[in-house]
Amino acid sequence: MPSSPQSAPPPLAQAPVSAGQPTKASLPLVVVFALLAHTLISAGTHLAARTVTTQIPPLTVGVMRMVGTALVFIVIISISKQFVGMRLPPRGDRLRFFLWGFVAGPMNQGFFLVGIERSVASHAALLYALTPVGVYLVSIALRREAWHPRRFLGVTIAFGGVIVLLLERGLAAALAPLVGDLLLLCAVAAWVAWTLASRDLSRRYTGLQIASWTMLSAGIQALIAAPFVWDLPTTDVPASAWLSLGYLIALTSVVAYILWSFALVRAEASRVAVFTNLQPVFTAILAWLVLSESIGWGVAIGGALVILGVRVVQSIR
């Protein structure tokens with residue numbers, strides 16, 4: 001790909017600034033629709049990831065997913081007017097995008113794929129419902145939001161739900177499912193970090209630019225790591241696995257990332273993150289219908305506590 005000029009970003013990259021200023025008003029309708037679409041895609045993501053990782057090793061899935069995603073974004077960068085004269089980020093931000101590409105790509109997707117192989121789709125959705133809590137706590141640490149005792153109560157309730165979820169199978173449960181859930185928590189932490197970083201970057205770049213350069217960086221890193229983790233099965237891989245991989249690339253890592261960045265350009269990170277609360281409901285229903293995963297007491301009670309705690313956190317402005 002051609003190098004970008006050393007000049008500052010064109011006026012187009014500055015357009016979201018006014019739209020992205022913090023506001024207490026209702027979210028624009030277009031942002032609501034974008035986030036609802038993102039939530040629906042994410043609900044299917046947990047099922048698709050669970051399906052493909054049962055057939056192909058998760059690290060190999062991660063490489064194919066990130067490289068495939070990068071190729072799609074290369075096409076987008078090549079044809080979109082937002083990238084005219086700047087196919088790559090300005091030099092001052094290239095390292096920043098490369099580092100956040102590692103967080104959003106190898107860290108987030110790597111932990112997610114390895115974790116969901118050892119867990120279930122419904123658990124993944126519930127753990128990702130902690131995203132708003134994580135965004136709030138980090139915002140407190142960075143002094144972007146004020147501490148409030150009621151929000152502390154919400155955090156406590158939500159983490160209590162996570163404990164219930166992790167212990168669903170009992171103290172004598174096999175180690176693998178517990179490890180899977182803990183790895184998924186690491187993926188959530190990476191997603192929280194990237195969400196906050198995207199909000200900061202949105203002051204200078206559009207949502208499409210943020211998603212494109214971030215995932216392009218992730219794809220480059222995955223390609224470098226490929227020789228060390230590649231392990232494609234020699235047996236025939238069923239069509240369902242390839243379709244699931246296509247879903248992860250085209251919808252999850254391209255469309256959903258663009259929608260997420262689009263929303264973060266136009267609203268505060270905490271208000272965007274709260275939409276992840278809807279994922280557990282849709283995912284649990286889809287997992288029951290498609291994968292025949294049971295909705296046990298841990299998912300029901302833990303999920304209710306997680307969603308209740310997150311709603312308490314988000315109820316105070």
# chains A, B, ... in the order shown; residues from 1 in each chain; ligands from 1

$ residues_around --residues "Pro132 (chain A)" --least-positions-apart "6" --cutoff "12 Å" --atoms "only C-alpha atoms" --output "VMD selection string"
chain A and resid 126 138 to 139 151 154 to 155 158 188 to 189 191 to 193 195 to 196 268 to 278 306 to 307 309 to 315

$ atom_distance --atom1 "CA of Leu184 (chain A)" --atom2 "CA of Pro106 (chain A)"
13.2 Å

$ residues_around --residues "Gly303 (chain A)" --least-positions-apart "6" --cutoff "8 Å" --atoms "only C-alpha atoms" --output "MDAnalysis selection string"
chainID A and resid 126 161:162 165 280

$ write_last_selection --atoms "C-alpha atoms" --output "mmCIF file, in the first residue's frame"
data_model
loop_
_atom_site.group_PDB
_atom_site.id
_atom_site.type_symbol
_atom_site.label_atom_id
_atom_site.label_comp_id
_atom_site.auth_asym_id
_atom_site.auth_seq_id
_atom_site.Cartn_x
_atom_site.Cartn_y
_atom_site.Cartn_z
ATOM 1 C CA LEU A 126 -22.750 -12.422 29.689
ATOM 2 C CA GLY A 161 -23.155 -12.170 38.740
ATOM 3 C CA VAL A 162 -19.855 -13.044 37.090
ATOM 4 C CA LEU A 165 -21.605 -17.570 36.261
ATOM 5 C CA PRO A 280 -26.803 -12.004 26.610
#

$ closest_residue --among "A:Ile56, A:Leu264, A:Gly134, A:Ala70" --to "Thr235 (chain A)" --atoms "only C-alpha atoms"
A:Ile56

$ decode --residues "region 147-160 of chain A" --atoms "N, CA and C atoms" --output "PDB file, in the first residue's frame"
ATOM      1  N   TRP A 147     -16.844   9.547  40.791  1.00  0.00           N
ATOM      2  CA  TRP A 147     -17.261   8.351  41.522  1.00  0.00           C
ATOM      3  C   TRP A 147     -18.615   8.581  42.164  1.00  0.00           C
ATOM      4  N   HIS A 148     -19.447   7.531  42.184  1.00  0.00           N
ATOM      5  CA  HIS A 148     -20.776   7.623  42.783  1.00  0.00           C
ATOM      6  C   HIS A 148     -21.055   6.312  43.510  1.00  0.00           C
ATOM      7  N   PRO A 149     -21.499   6.374  44.784  1.00  0.00           N
ATOM      8  CA  PRO A 149     -21.722   5.141  45.558  1.00  0.00           C
ATOM      9  C   PRO A 149     -22.741   4.200  44.922  1.00  0.00           C
ATOM     10  N   ARG A 150     -23.761   4.745  44.254  1.00  0.00           N
ATOM     11  CA  ARG A 150     -24.757   3.876  43.631  1.00  0.00           C
ATOM     12  C   ARG A 150     -24.123   3.100  42.478  1.00  0.00           C
ATOM     13  N   ARG A 151     -23.217   3.735  41.761  1.00  0.00           N
ATOM     14  CA  ARG A 151     -22.534   3.019  40.691  1.00  0.00           C
ATOM     15  C   ARG A 151     -21.610   1.949  41.268  1.00  0.00           C
ATOM     16  N   PHE A 152     -21.021   2.214  42.418  1.00  0.00           N
ATOM     17  CA  PHE A 152     -20.211   1.190  43.070  1.00  0.00           C
ATOM     18  C   PHE A 152     -21.070  -0.023  43.407  1.00  0.00           C
ATOM     19  N   LEU A 153     -22.299   0.229  43.861  1.00  0.00           N
ATOM     20  CA  LEU A 153     -23.222  -0.867  44.140  1.00  0.00           C
ATOM     21  C   LEU A 153     -23.494  -1.662  42.865  1.00  0.00           C
ATOM     22  N   GLY A 154     -23.692  -0.961  41.764  1.00  0.00           N
ATOM     23  CA  GLY A 154     -23.930  -1.645  40.501  1.00  0.00           C
ATOM     24  C   GLY A 154     -22.755  -2.502  40.086  1.00  0.00           C
ATOM     25  N   VAL A 155     -21.537  -1.994  40.264  1.00  0.00           N
ATOM     26  CA  VAL A 155     -20.330  -2.759  39.940  1.00  0.00           C
ATOM     27  C   VAL A 155     -20.271  -4.025  40.788  1.00  0.00           C
ATOM     28  N   THR A 156     -20.576  -3.898  42.078  1.00  0.00           N
ATOM     29  CA  THR A 156     -20.542  -5.045  42.983  1.00  0.00           C
ATOM     30  C   THR A 156     -21.560  -6.106  42.560  1.00  0.00           C
ATOM     31  N   ILE A 157     -22.761  -5.677  42.212  1.00  0.00           N
ATOM     32  CA  ILE A 157     -23.798  -6.618  41.775  1.00  0.00           C
ATOM     33  C   ILE A 157     -23.366  -7.337  40.495  1.00  0.00           C
ATOM     34  N   ALA A 158     -22.805  -6.569  39.550  1.00  0.00           N
ATOM     35  CA  ALA A 158     -22.403  -7.161  38.270  1.00  0.00           C
ATOM     36  C   ALA A 158     -21.304  -8.194  38.450  1.00  0.00           C
ATOM     37  N   PHE A 159     -20.307  -7.870  39.254  1.00  0.00           N
ATOM     38  CA  PHE A 159     -19.231  -8.832  39.472  1.00  0.00           C
ATOM     39  C   PHE A 159     -19.711 -10.030  40.282  1.00  0.00           C
ATOM     40  N   GLY A 160     -20.710  -9.829  41.146  1.00  0.00           N
ATOM     41  CA  GLY A 160     -21.323 -10.969  41.820  1.00  0.00           C
ATOM     42  C   GLY A 160     -21.958 -11.915  40.817  1.00  0.00           C
TER      43      GLY A 160
END
